[in-house]
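Remarks on the structure that follows.
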Amino acid sequence: KAGVTQTPRYLIKTRGQQVTLSCSPISGHRSVSWYQQTPGQGLQFLFEYFSETQRNKGNFPGRFSGRQFSNSRSEMNVSTLELGDSALYLCASSSPGGDYNEQFFGPGTRLTVL
Amino acid sequence: AQSVTQLGSHVSVSEGALVLLRCNYSSSVPPYLFWYVQYPNQGLQLLLKYTSAATLVKGINGFEAEFKKSETSFHLTKPSAHMSDAAEYFCAVSVRGNKLVFGAGTILRVKS
C-alpha cells in the first residue's frame with residue numbers, strides 16, 4: 001500500500017504571497033490531519049478533515065485554511081504569507097472507526113518564506 | 001487541556017547502552033499516548049502507542065514504554081542503543097479524535 005504523499009516537497013515563496021499544499025492519504029483513509037513543525041514552536045496541530053468536513057481545528061489564524069475532496073485528498077492554503085510561516089508542514093491520514101486511529105505521516109512539505 | 005513535557009532536549013548515549021527518553025503528560029481524562037520518531041528530512045513514524053490496554057507497551061525496533069498513571073509518565077526505553085537509533089523522538093497525547101499534542105522533542109545521539 002502506498003504511503004501518504006505530499007506535494008510539493010519543497011517550496012519557496014515571498015511574503016504576502018499565498019501557497020497551496022497537497023496531501024494524498026493512504027488508500028481507504030478518510031481522515032487527514034495537518035501539522036506545522038517549526039524549531040521554535042515544535043509540532044502544532046492545524047486541522048483535521050473527515051469526509052470533506054473539518055472535524056477539528058487548532059489555534060491558528062484564519063490565513064490557514066484547508067479542504068478535503070471526495071477522494072479524501074486534502075489541500076491546505078496559507079494566504080498572505082509571513083516569515084514566521086516558514087516551516088515543515090506534515091500531513092497525516094488515518095482510517096475511520098474507534099476512539100483513536102493510528103495516524104500515518106507523510107514526508108512533509110518544507111515551506112520557506114523570504 | 002492536554003500537554004506533554006519531554007525532559008531533555010538532547011540525550012547522548014554510547015552504542016550498546018540503555019536508552020531512556022522521558023515523557024510526562026497532563027490530561028484530565030484517560031489519555032492515549034504515543035511515541036514517534038523522526039529522521040532528518042522525513043515525516044514521523046509511530047514507534048508505539050498506549051490506548052488503555054497493557055501498561056507496558058512494546059513497539060518497533062526494540063523500543064518499549066511503560067504507562068504509569070501515578071507518575072503521569074510514559075518514558076521510552078531501549079535496552080541497547082544502535083547507531084541507527086539516532087533521531088528525534090516525540091511523545092504525544094491524544095484525548096479527542098485525531099488531534100495529537102506533541103512534546104518539544106528529544107534528539108538522541110548515539111556515540112560509537
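By convention here, the chains of the C-alpha cells are called A, B, ... in the order presented, each chain's residues are numbered starting at 1, and ligands are numbered starting at 1 in the order presented.
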Practice task
For segment 25-39 of chain A, list every protein, DNA or RNA residue within 7 Å, evaluated using only C-alpha atoms, and leave out those in the same chain fewer than 2 positions away; present the list as a list in words.
Solution key: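 The residues satisfying every condition are Ala2, Gly3, Val4, Thr5, Cys23, Gln41, Gly42, Leu43, Gln44, Phe45, Leu46, Phe47, Glu48, Tyr49, Phe50, Ser51, Ser72, Arg73, Ser74, Ala87, Leu88, Tyr89, Leu90, Cys91, Ala92, Ser93, Ser94, Ser95 and Pro96 of chain A.
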Exercise for the section: Specify as a list in words all residues of chain B found within 8 Å of chain A, counting only C-alpha atoms. Expected result: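 Taken together, these residues fit the definition: Tyr32, Asn41, Gln42, Gly43, Leu44, Gln45, Leu46, Arg96, Gly97, Asn98, Lys99, Leu100, Val101, Phe102, Gly103, Ala104 and Gly105 of chain B.
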Exercise for the section: Extract the full set of strand (DSSP E) residues from chain A according to DSSP on the backbone, and format it as number ranges by chain. Expected result: A: 5-7, 10-13, 19-24, 31-38, 42-50, 53-57, 64-68, 74-78, 87-94, 104-105, 109-113
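Between atom CA of Tyr39 of chain B and atom CA of Pro79 of chain B the interatomic distance comes to 20.3 Å.
The spacing separating atom CA of Leu108 of chain B from atom CA of Met83 of chain B amounts to 10.0 Å.
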Exercise for the section: Go through B:Lys49, B:Arg22, B:Arg109, B:His10 and flag the residue nearest Ala81 of chain B, using only C-alpha atoms for the distances. Expected result: B:Arg109
Practice task
Name all residues at most 8 Å from Leu33 of chain B (count only C-alpha atoms; drop same-chain ones fewer than 4 positions away) and give them as a PyMOL selection string.
Solution key: chain B and resi 49-51+74+91-94
Exercise for the section: Provide the atom CA of Leu76 of chain B to atom CA of Gly16 of chain B distance in Å, to one decimal place. Expected result: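 If I compute the distance from atom CA of Leu76 of chain B to atom CA of Gly16 of chain B, I get 15.9 Å.
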Exercise for the section: Would you kindly return, as a PyMOL selection string, each protein, DNA or RNA residue with an atom no farther than 9 Å from any atom of Arg15 of chain A, considering only C-alpha atoms and excluding same-chain residues fewer than 6 positions away? Expected result: chain A and resi 80-83+113-114
Export of the given selection (C-alpha atoms) as a compact mmCIF listing (two decimals), in the first residue's frame:
# COMPACT_ATOMS: atom_id res chain seq x y z
CA THR A 80 -0.70 36.47 2.92
CA LEU A 81 2.43 34.58 3.88
CA GLU A 82 4.57 35.83 6.74
CA LEU A 83 8.19 35.00 7.51
CA VAL A 113 9.07 32.32 3.11
CA LEU A 114 11.52 35.04 2.07
Handout entry: Residue contacts of Glu88 of chain B (6 Å, only C-alpha atoms) excluding same-chain residues fewer than 4 positions away, as a VMD selection string
Key = chain B and resid 37 to 38 106 to 108
Hey, can you spit out that residue selection with N, CA and C atoms as a compact mmCIF listing (two decimals), in the first residue's frame?
# COMPACT_ATOMS: atom_id res chain seq x y z
N VAL B 37 9.10 8.76 16.04
CA VAL B 37 10.49 9.05 15.72
C VAL B 37 10.54 9.79 14.39
N GLN B 38 11.46 10.74 14.30
CA GLN B 38 11.63 11.48 13.06
C GLN B 38 13.10 11.50 12.68
N THR B 106 13.00 15.16 21.71
CA THR B 106 14.32 14.87 22.27
C THR B 106 15.19 14.31 21.17
N ILE B 107 16.32 14.96 20.95
CA ILE B 107 17.27 14.47 19.95
C ILE B 107 18.18 13.46 20.61
N LEU B 108 18.18 12.26 20.07
CA LEU B 108 19.02 11.19 20.61
C LEU B 108 20.28 11.07 19.77
Completion exercise
Using only C-alpha atoms, the best pick from B:Leu48, B:Cys23, B:Gly8, B:Ser80 as closest to Ile60 of chain B would be B:Leu48
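Checking B:His82, B:Phe34, B:Thr72, B:Val4 one by one against Lys58 of chain B, counting only C-alpha atoms, you find the shortest gap at B:Phe34.
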